[in-house]
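Student: This is upload09.csv (CSV, C-alpha atoms).
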```csv
chain,number,residue,atom,x,y,z
V,177,MET,CA,247.9,82.7,119.6
V,178,ARG,CA,249.1,79.9,121.9
V,179,SER,CA,248.7,77.4,119.2
V,180,ARG,CA,250.6,79.5,116.7
V,181,LEU,CA,253.5,79.9,119.3
V,182,LEU,CA,253.5,76.1,119.9
V,183,GLN,CA,253.6,75.5,116.1
V,184,LEU,CA,256.6,77.9,115.7
V,185,ARG,CA,258.4,76.3,118.6
V,186,SER,CA,258.0,72.9,117.1
V,187,GLN,CA,259.5,74.2,113.8
V,188,VAL,CA,262.4,76.0,115.3
V,189,THR,CA,263.4,73.7,118.2
V,190,PRO,CA,264.7,70.9,115.9
V,191,ILE,CA,266.8,73.4,113.9
V,192,LEU,CA,268.4,74.8,117.0
V,193,SER,CA,269.0,71.4,118.4
V,194,GLY,CA,270.8,70.4,115.2
V,195,LEU,CA,272.9,73.5,115.4
V,196,ARG,CA,274.0,72.7,119.0
V,197,HIS,CA,275.3,69.3,117.9
V,198,ARG,CA,276.7,70.3,114.6
V,199,PRO,CA,280.6,70.2,114.5
V,200,ILE,CA,282.4,73.2,113.2
V,201,HIS,CA,285.2,72.5,110.7
V,202,TYR,CA,288.0,75.0,110.1
V,203,GLN,CA,289.9,76.1,107.1
V,204,THR,CA,293.7,76.7,107.5
V,205,ASP,CA,295.4,79.6,106.0
V,206,SER,CA,299.1,80.5,106.1
V,207,SER,CA,298.7,82.1,109.5
V,208,GLY,CA,297.0,79.3,111.3
V,209,ILE,CA,293.3,78.8,111.7
V,210,LYS,CA,290.6,80.7,110.0
V,211,LEU,CA,287.2,80.5,111.7
V,212,SER,CA,284.9,79.9,108.8
V,213,GLU,CA,282.7,76.9,108.2
V,214,THR,CA,283.8,74.7,105.3
V,215,ALA,CA,280.2,74.1,104.2
V,216,ASN,CA,280.4,77.5,102.6
V,217,SER,CA,282.8,80.2,103.8
V,218,HIS,CA,280.7,83.0,102.4
V,219,TYR,CA,277.2,82.1,103.4
V,220,MET,CA,275.7,81.5,106.8
V,221,ASP,CA,274.3,78.1,107.6
V,222,GLN,CA,270.8,78.0,106.2
V,223,ARG,CA,269.4,76.1,109.2
V,224,ARG,CA,270.6,78.8,111.6
V,225,ASN,CA,269.1,81.5,109.4
V,226,THR,CA,265.8,79.7,109.3
V,227,ALA,CA,265.7,79.5,113.1
V,228,LEU,CA,266.5,83.2,113.4
V,229,ALA,CA,263.9,84.2,110.8
V,230,ASN,CA,261.1,81.8,111.9
V,231,GLU,CA,257.7,83.2,111.0
V,232,PHE,CA,259.1,86.3,109.4
V,233,VAL,CA,260.6,84.5,106.4
V,234,PRO,CA,257.9,82.5,104.7
V,235,SER,CA,260.3,80.9,102.2
V,236,GLU,CA,261.8,79.1,105.3
V,237,VAL,CA,265.3,79.5,103.9
V,238,PHE,CA,267.3,82.7,103.8
V,239,ASN,CA,268.9,82.9,100.4
V,240,GLU,CA,271.8,85.4,100.5
V,241,ARG,CA,272.3,85.4,96.7
V,242,VAL,CA,268.7,86.5,96.2
V,243,GLU,CA,269.0,89.1,99.0
V,244,ARG,CA,272.2,90.5,97.4
V,245,LEU,CA,270.2,91.2,94.2
V,246,ASN,CA,267.3,92.8,96.1
V,247,LEU,CA,269.6,95.1,98.2
V,248,LYS,CA,271.7,96.0,95.1
V,249,GLU,CA,268.6,97.8,93.7
V,250,LEU,CA,268.5,100.1,96.7
V,251,ASN,CA,271.5,102.1,95.5
V,252,GLY,CA,273.2,105.2,96.8
V,253,GLY,CA,276.7,105.8,98.1
V,254,SER,CA,279.5,103.2,98.1
V,255,LEU,CA,282.2,101.5,100.1
V,256,ARG,CA,285.8,101.6,98.9
V,257,LEU,CA,288.6,99.2,99.7
V,258,SER,CA,292.3,100.1,99.6
V,259,LYS,CA,295.0,97.4,100.3
V,260,ASN,CA,298.7,97.8,100.7
V,261,ASP,CA,300.6,94.6,100.2
V,262,VAL,CA,303.8,96.1,101.6
V,263,THR,CA,302.4,97.3,105.0
V,264,GLY,CA,299.6,94.7,105.2
V,265,LEU,CA,297.2,97.6,106.0
V,266,ALA,CA,293.8,97.9,104.3
V,267,THR,CA,291.2,100.7,104.7
V,268,ILE,CA,287.5,100.6,104.1
V,269,THR,CA,285.8,103.9,103.4
V,270,ILE,CA,282.1,104.3,104.1
V,271,SER,CA,280.9,107.0,101.6
V,272,ASN,CA,277.4,108.3,101.2
V,273,VAL,CA,278.2,112.0,101.6
V,274,THR,CA,274.7,113.4,101.0
V,275,ASN,CA,273.2,111.2,103.7
V,276,ALA,CA,275.7,111.3,106.5
V,277,ASN,CA,277.5,108.2,105.3
V,278,ALA,CA,274.3,106.1,105.9
V,279,MET,CA,274.3,102.5,104.6
V,280,SER,CA,272.1,101.9,101.5
V,281,GLY,CA,271.2,98.4,100.4
V,282,SER,CA,273.9,98.5,97.7
V,283,MET,CA,276.5,99.6,100.2
V,284,MET,CA,275.6,96.5,102.3
V,285,VAL,CA,276.4,94.4,99.3
V,286,ASP,CA,279.7,96.4,98.8
V,287,LEU,CA,280.7,95.5,102.4
V,288,SER,CA,280.0,91.8,101.7
V,289,ASP,CA,282.2,91.9,98.7
V,290,ILE,CA,285.0,93.8,100.5
V,291,VAL,CA,284.9,91.3,103.4
V,292,ALA,CA,285.1,88.4,100.9
V,293,ASP,CA,288.2,90.1,99.3
V,294,LEU,CA,289.9,90.5,102.7
V,295,GLU,CA,289.2,86.9,103.6
V,296,LYS,CA,291.4,85.9,100.6
V,297,TRP,CA,294.1,88.5,101.2
V,298,GLN,CA,297.0,86.6,102.6
V,299,ARG,CA,299.3,89.6,103.1
V,300,GLY,CA,296.9,91.5,105.3
V,301,LYS,CA,297.6,92.4,108.9
V,302,ALA,CA,295.1,95.0,109.7
V,303,VAL,CA,292.1,96.9,108.4
V,304,ILE,CA,290.8,100.4,109.3
V,305,LEU,CA,287.1,101.3,108.8
V,306,HIS,CA,286.3,105.0,108.6
V,307,GLY,CA,283.7,107.4,107.2
V,308,ASP,CA,284.3,109.5,104.1
V,309,PRO,CA,285.3,112.9,105.6
V,310,GLU,CA,283.0,114.7,103.2
V,311,GLY,CA,280.1,112.9,104.8
V,312,LYS,CA,281.2,114.3,108.2
V,313,ASN,CA,280.3,111.1,110.0
V,314,PHE,CA,281.5,107.6,110.5
V,315,CYS,CA,278.1,106.1,109.6
V,316,SER,CA,274.5,107.1,110.5
V,317,GLY,CA,273.1,103.6,110.1
V,318,ALA,CA,270.7,102.4,107.3
V,319,ASP,CA,269.6,105.2,105.0
V,320,LEU,CA,266.0,106.2,105.0
V,321,LYS,CA,265.4,105.2,101.4
V,322,THR,CA,266.5,101.6,102.2
V,323,THR,CA,264.5,101.4,105.4
V,324,GLU,CA,261.4,102.7,103.6
V,325,ALA,CA,261.8,100.1,100.8
V,326,LEU,CA,262.1,97.2,103.2
V,327,SER,CA,258.4,97.6,104.0
V,328,SER,CA,257.6,94.3,105.8
V,329,PRO,CA,258.9,92.4,108.8
V,330,GLN,CA,260.1,89.7,106.4
V,331,ALA,CA,262.2,92.1,104.4
V,332,GLY,CA,263.6,93.6,107.6
V,333,VAL,CA,264.6,90.3,109.1
V,334,VAL,CA,266.3,89.1,105.8
V,335,MET,CA,268.3,92.4,105.7
V,336,CYS,CA,269.2,91.8,109.4
V,337,LEU,CA,270.5,88.3,108.6
V,338,PHE,CA,272.5,89.6,105.7
V,339,MET,CA,274.2,92.2,107.9
V,340,GLN,CA,274.8,89.8,110.8
V,341,ASN,CA,276.5,87.5,108.4
V,342,ILE,CA,278.8,90.3,107.0
V,343,LEU,CA,279.7,91.7,110.4
V,344,THR,CA,280.4,88.3,111.9
V,345,ARG,CA,282.8,87.5,109.0
V,346,LEU,CA,284.4,91.0,109.5
V,347,GLN,CA,284.9,90.2,113.2
V,348,GLN,CA,286.5,86.8,112.3
V,349,LEU,CA,289.0,88.1,109.8
V,350,PRO,CA,292.6,87.1,110.6
V,351,LEU,CA,293.3,90.9,110.4
V,352,ILE,CA,293.3,93.3,113.4
V,353,SER,CA,290.3,95.6,112.8
V,354,VAL,CA,290.0,99.2,113.9
V,355,ALA,CA,287.0,101.6,113.6
V,356,ALA,CA,288.3,105.1,113.4
V,357,VAL,CA,285.3,107.2,114.4
V,358,SER,CA,285.1,110.9,113.5
V,359,GLY,CA,281.7,112.5,113.7
V,360,SER,CA,278.7,110.3,114.6
V,361,ALA,CA,278.4,106.5,114.6
V,362,VAL,CA,274.6,106.1,115.1
V,363,GLY,CA,272.2,103.1,115.0
V,364,GLY,CA,273.7,100.7,112.5
V,365,GLY,CA,276.9,102.7,112.5
V,366,ALA,CA,277.3,102.1,116.2
V,367,GLU,CA,276.7,98.4,115.5
V,368,ILE,CA,279.4,98.3,112.9
V,369,ILE,CA,282.0,99.6,115.2
V,370,THR,CA,281.3,96.8,117.7
V,371,ALA,CA,282.4,94.3,115.0
V,372,CYS,CA,285.9,95.8,115.1
V,373,ASP,CA,288.6,94.7,117.5
V,374,PHE,CA,289.3,98.3,118.5
V,375,ARG,CA,287.5,101.6,118.4
V,376,LEU,CA,289.5,104.9,118.2
V,377,VAL,CA,287.5,108.1,118.6
V,378,SER,CA,288.1,111.7,117.8
V,379,PRO,CA,287.4,114.3,120.5
V,380,SER,CA,284.2,115.4,118.6
V,381,SER,CA,282.9,111.9,118.0
V,382,VAL,CA,279.5,110.7,119.1
V,383,ILE,CA,278.3,107.1,119.5
V,384,GLN,CA,274.6,106.5,119.8
V,385,PHE,CA,272.6,103.3,119.9
V,386,ILE,CA,269.5,105.2,118.9
V,387,HIS,CA,267.4,102.1,118.1
V,388,CYS,CA,264.9,102.4,121.0
V,389,LYS,CA,264.0,105.9,119.8
V,390,MET,CA,263.2,104.5,116.4
V,391,GLY,CA,261.0,101.8,117.9
V,392,LEU,CA,263.6,99.1,117.2
V,393,SER,CA,266.2,97.0,118.8
V,394,PRO,CA,269.7,96.3,117.4
V,395,GLY,CA,269.6,93.8,114.5
V,396,TRP,CA,273.0,93.6,113.0
V,397,GLY,CA,274.5,91.8,116.0
V,398,GLY,CA,275.5,95.0,117.8
V,399,GLY,CA,273.4,94.2,120.9
V,400,THR,CA,275.2,90.9,121.4
V,401,ARG,CA,278.6,92.4,120.7
V,402,LEU,CA,277.9,95.4,123.0
V,403,VAL,CA,277.1,93.1,126.0
V,404,ARG,CA,280.4,91.3,125.4
V,405,LEU,CA,282.3,94.6,125.2
V,406,VAL,CA,280.9,96.5,128.2
V,407,GLY,CA,278.9,94.0,130.2
V,408,PRO,CA,275.1,93.6,130.5
V,409,GLN,CA,274.3,96.5,132.8
V,410,LYS,CA,276.2,99.1,130.8
V,411,ALA,CA,274.9,97.7,127.6
V,412,LEU,CA,271.3,97.9,128.8
V,413,LYS,CA,271.7,101.5,129.8
V,414,LEU,CA,273.2,102.4,126.4
V,415,LEU,CA,270.4,100.5,124.5
V,416,ALA,CA,267.4,101.4,126.6
V,417,GLY,CA,268.5,105.0,127.1
V,418,GLY,CA,269.5,105.6,123.5
V,419,GLU,CA,271.5,108.6,124.5
V,420,SER,CA,274.5,110.1,122.7
V,421,ILE,CA,277.9,109.0,124.1
V,422,ARG,CA,280.7,111.5,123.8
V,423,ALA,CA,284.4,110.5,123.3
V,424,THR,CA,285.5,110.7,126.9
V,425,GLU,CA,282.4,108.8,128.1
V,426,SER,CA,282.9,106.1,125.5
V,427,LEU,CA,286.5,105.7,126.8
V,428,GLY,CA,285.3,105.4,130.4
V,429,LEU,CA,282.7,102.8,129.5
V,430,GLY,CA,285.3,100.6,127.7
V,431,LEU,CA,283.4,101.1,124.4
V,432,ALA,CA,286.3,103.1,122.9
V,433,ASP,CA,290.0,102.2,123.3
V,434,ASP,CA,291.8,105.4,122.6
V,435,LEU,CA,291.5,109.0,121.5
V,436,ILE,CA,292.9,110.1,118.1
V,437,GLN,CA,293.8,113.7,117.4
V,438,GLY,CA,294.1,115.6,114.2
V,439,ASP,CA,292.4,115.7,110.8
V,440,ASP,CA,294.1,112.7,109.3
V,441,ILE,CA,292.4,109.9,111.2
V,442,ILE,CA,293.8,107.2,108.9
V,443,LYS,CA,297.4,108.2,109.7
V,444,GLN,CA,296.5,108.4,113.4
V,445,ALA,CA,294.9,105.0,113.4
V,446,SER,CA,297.8,103.5,111.3
V,447,ASP,CA,300.3,104.9,113.8
V,448,TRP,CA,298.3,103.5,116.7
V,449,LEU,CA,298.3,100.1,115.0
V,450,ASP,CA,302.1,100.0,114.5
V,451,LYS,CA,302.9,98.4,117.8
V,452,TYR,CA,300.5,95.5,117.1
V,453,THR,CA,301.4,95.0,113.4
V,454,SER,CA,305.2,95.2,113.5
V,455,GLN,CA,305.7,91.4,113.5
V,456,PRO,CA,305.7,89.2,110.4
V,457,VAL,CA,302.3,88.8,108.8
V,458,GLU,CA,301.9,85.1,109.8
V,459,VAL,CA,302.5,86.0,113.4
V,460,VAL,CA,300.0,88.9,113.5
V,461,ARG,CA,297.4,86.8,111.9
V,462,ALA,CA,298.1,83.9,114.3
V,463,MET,CA,297.6,86.2,117.3
V,464,LYS,CA,294.2,87.4,115.9
V,465,ASN,CA,293.1,83.8,115.3
V,466,VAL,CA,294.1,82.7,118.8
V,467,VAL,CA,291.9,85.5,120.3
V,468,THR,CA,289.0,84.7,117.9
V,469,ALA,CA,289.1,81.1,118.8
V,470,ALA,CA,289.2,81.8,122.6
V,471,SER,CA,286.3,84.2,122.4
V,472,GLN,CA,284.0,82.1,120.2
V,473,LEU,CA,284.7,78.5,121.1
V,474,PRO,CA,284.4,76.3,124.2
V,475,PRO,CA,287.6,76.1,126.1
V,476,ASP,CA,288.6,72.6,124.9
V,477,LYS,CA,288.1,73.5,121.3
V,478,ALA,CA,289.9,76.9,121.7
V,479,LEU,CA,292.9,75.1,123.3
V,480,SER,CA,293.0,72.7,120.4
V,481,LYS,CA,293.0,75.6,117.9
V,482,GLU,CA,295.7,77.3,119.9
V,483,LYS,CA,297.8,74.2,119.7
V,484,ASP,CA,297.3,74.0,115.9
V,485,ILE,CA,298.2,77.7,115.4
V,486,PHE,CA,301.3,77.3,117.6
V,487,GLY,CA,302.3,74.2,115.5
V,488,GLY,CA,302.0,76.2,112.3
V,489,LEU,CA,304.5,78.8,113.6
V,490,TRP,CA,307.0,76.5,115.4
V,491,LYS,CA,310.3,76.5,113.5
V,492,GLY,CA,308.8,78.5,110.8
V,493,PRO,CA,310.6,81.4,109.2
V,494,ALA,CA,309.7,84.0,111.8
V,495,ASN,CA,310.5,81.7,114.7
V,496,LYS,CA,313.9,80.7,113.2
V,497,GLU,CA,314.9,84.3,112.6
V,498,ALA,CA,314.0,85.3,116.1
V,499,LEU,CA,315.9,82.3,117.6
V,500,ALA,CA,319.0,83.2,115.4
V,501,ARG,CA,318.9,86.8,116.7
V,502,ALA,CA,318.6,85.6,120.3
V,503,LEU,CA,321.6,83.2,119.9
V,504,SER,CA,323.7,85.8,118.2
V,505,LYS,CA,323.0,88.3,121.0
V,506,LYS,CA,323.9,85.7,123.6
V,507,ARG,CA,327.2,84.9,121.9
V,508,ARG,CA,328.2,88.6,121.9
V,509,LYS,CA,327.9,88.8,125.6
```
Let me see whether you can do it: turn the structure in this file into structure tokens.

Tutor:
Amino acid sequence: MRSRLLQLRSQVTPILSGLRHRPIHYQTDSSGIKLSETANSHYMDQRRNTALANEFVPSEVFNERVERLNLKELNGGSLRLSKNDVTGLATITISNVTNANAMSGSMMVDLSDIVADLEKWQRGKAVILHGDPEGKNFCSGADLKTTEALSSPQAGVVMCLFMQNILTRLQQLPLISVAAVSGSAVGGGAEIITACDFRLVSPSSVIQFIHCKMGLSPGWGGGTRLVRLVGPQKALKLLAGGESIRATESLGLGLADDLIQGDDIIKQASDWLDKYTSQPVEVVRAMKNVVTAASQLPPDKALSKEKDIFGGLWKGPANKEALARALSKKRRK
């Protein structure tokens, strides 16, 4: 066993070392800086994936294209995207109504395609994720048919990498993201909401990191994101306890941001977003990009990105219009 561990360490350490010293390059969009690596904006770096998968992926390289084909076969339910170019608001509906809106393999592929679409959507300001009301839940995690089909550690880890990639890209979108939670967000569903900028909960909502009761740990990045949201002690209680968290408790923990009332959660979430999306699209996207850079980059690199984003807005249309209004108001006094 010791020799096996030493062998794995010798394989993985050079990969991780290379990642630590690998510079990240950025693509610029009309709003400023988009945090995606130029080597391939839609696929995770293969060296990182190899390091994460280590002995569980005998091919040594995670191939997302192959995994898409494999997951697509595990069908059931769907995800739907709606975009409004006028308001800049998009909605993603998680729909698997006969299985509490659980995520099938094909739905994971749907989510990847939707995120890719939003990455190219230049008019977008915000996106709301919600569960199909007929499914009576936000999302109950991976569906049982999919988990049963992924019958080996190798298959589970590759699916884990696929979802980590998608949710990281979702988190890095230059759109403000909101999870509108009605019903339950359980397991993988709880992990999905941590990838959003904000979480709005209905009074009857339940959030549960149930993984420990299933003999698992989070795998879609939800554990890492939860620690950053609520701190290590609270996160450990939520993960190791695996208990249901009601709406008021989630607010107290800092896991949820606000309570939404009424049956039309999309309208409630949209109204809640208004104060944050009222400015021109390039300004809204710039603010999200500043925050993303600050939260994911070392301070010196984050400051450099902030400078670049600022430069992209200085004397731009929104800035000139705001200055003209201020000067006009001053002259009237």

Student: Just to confirm, what's the straight-line distance from CA of Thr269 in chain V to CA of Ala331 in chain V in Å (one decimal)?

Tutor: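 Between CA of Thr269 in chain V and CA of Ala331 in chain V the gap is 26.4 Å.
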
Student: Between V:Ser426, V:Asn495, V:Thr453, V:Ser282, which is the closest to Leu265 in chain V once you count all atoms listed in the file?

Tutor: V:Thr453

Student: Take the point (286.4, 99.9, 106.3) as written in the file and pick out every residue within 8 Å of it, counting all atoms listed in the file; give the list as a list of chain:residue names.

Tutor: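 Applying the cut-off with all atoms listed in the file, one gets V:Leu255, V:Arg256, V:Leu257, V:Ala266, V:Thr267, V:Ile268, V:Thr269, V:Ile270, V:Val303, V:Ile304, V:Leu305, V:His306, V:Ala355.
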
Student: For the atom pair CA of Leu247 in chain V and CA of Arg401 in chain V, what is the interatomic distance in Å to one decimal place?

Tutor: 24.4 Å

Student: At a cut-off of 8 Å, using all atoms listed in the file, what residues contact Arg375 in chain V? Leave out same-chain residues fewer than 2 positions from it and give the result as a list in words.

Tutor: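 Using all atoms listed in the file, the neighbours found are Val354, Ala355, Ala356, Val357, Ile369, Thr370, Cys372, Asp373, Val377, Leu431, Ala432, Asp433 and Asp434 of chain V.
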
Student: Please indicate the distance in Å from CA of Val460 in chain V to CA of Gly488 in chain V, rounded to one decimal place.

Tutor: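 For CA of Val460 in chain V relative to CA of Gly488 in chain V, the distance reads 12.9 Å.
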
Student: Given the choices V:Ser454, V:Glu249, V:Ser328, V:Asn465, which gets closest to Gln348 in chain V if the distance is worked out from all atoms listed in the file?

Tutor: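 Nearest candidate to Gln348 in chain V out of V:Ser454, V:Glu249, V:Ser328, V:Asn465: V:Asn465.
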
Student: Between V:Asn313, V:Arg241, V:Arg461, V:Gly300, which one has atoms that come closest to Ser271 in chain V, using all atoms listed in the file?

Tutor: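 Under the stated criterion, the closest residue is V:Asn313.
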
Student: So which one's closest to Ser393 in chain V, V:Glu458, V:Asp286, V:Glu367, V:Asp476? Using all atoms listed in the file, please.

Tutor: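 Using all atoms listed in the file, Ser393 in chain V sits closest to V:Glu367.
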
Student: Could you check which of V:Lys410, V:Lys312, V:Lys464, V:Lys259 is closest to Leu351 in chain V, using only C-alpha atoms?

Tutor: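 Of the candidates, the smallest distance to Leu351 in chain V is held by V:Lys464.
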
Student: Ranking V:Gly363, V:Gly307, V:Ser420, V:Gly264 by minimum distance to Pro394 in chain V and counting all atoms listed in the file, which one comes first?

Tutor: V:Gly363

Student: Identify, on the basis of only C-alpha atoms, every residue whose closest approach to Val459 in chain V does not exceed 8 Å; exclude the query and any residue fewer than 2 positions from it along the same chain; express the result as a ChimeraX atom specification.

Tutor: /V:207,455-457,461-463,489,494

Student: Skipping near chain neighbours, those fewer than 6 positions away, what residues fall within 10 Å of Gly395 in chain V using only C-alpha atoms, listed as a list in words?

Tutor: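 Everything that qualifies: Gly332, Val333, Met335, Cys336, Leu337, Met339, Gln340, Gly363, Gly364, Glu367 and His387 of chain V.
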
Student: May I have the protein, DNA and RNA residues with an atom at most 10 Å from (269.7, 98.1, 127.9), counting all atoms listed in the file in the file's coordinates, returned as a PyMOL selection string?

Tutor: chain V and resi 385+388+393+399+402-403+408-418

Student: Just want the 10 Å neighbourhood of Leu245 in chain V, counted on only C-alpha atoms, with same-chain residues fewer than 5 positions away dropped. Output as a PDB file with C-alpha atoms, keeping the file's coordinate frame.

Tutor:
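part_14.pdb, freshly written:
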```pdb
ATOM      1  CA  GLU V 240     271.800  85.400 100.500  1.00  0.00           C
ATOM      2  CA  LEU V 250     268.500 100.100  96.700  1.00  0.00           C
ATOM      3  CA  GLY V 281     271.200  98.400 100.400  1.00  0.00           C
ATOM      4  CA  SER V 282     273.900  98.500  97.700  1.00  0.00           C
ATOM      5  CA  VAL V 285     276.400  94.400  99.300  1.00  0.00           C
TER       6      VAL V 285
END
```

Student: Which residues come within 6 Å of Cys315 in chain V, counting only C-alpha atoms, excluding same-chain residues fewer than 3 positions away, as a list of chain:residue names?

Tutor: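 Within the cut-off, the hits are V:Asn277, V:Ala278, V:Ala361, V:Gly365.
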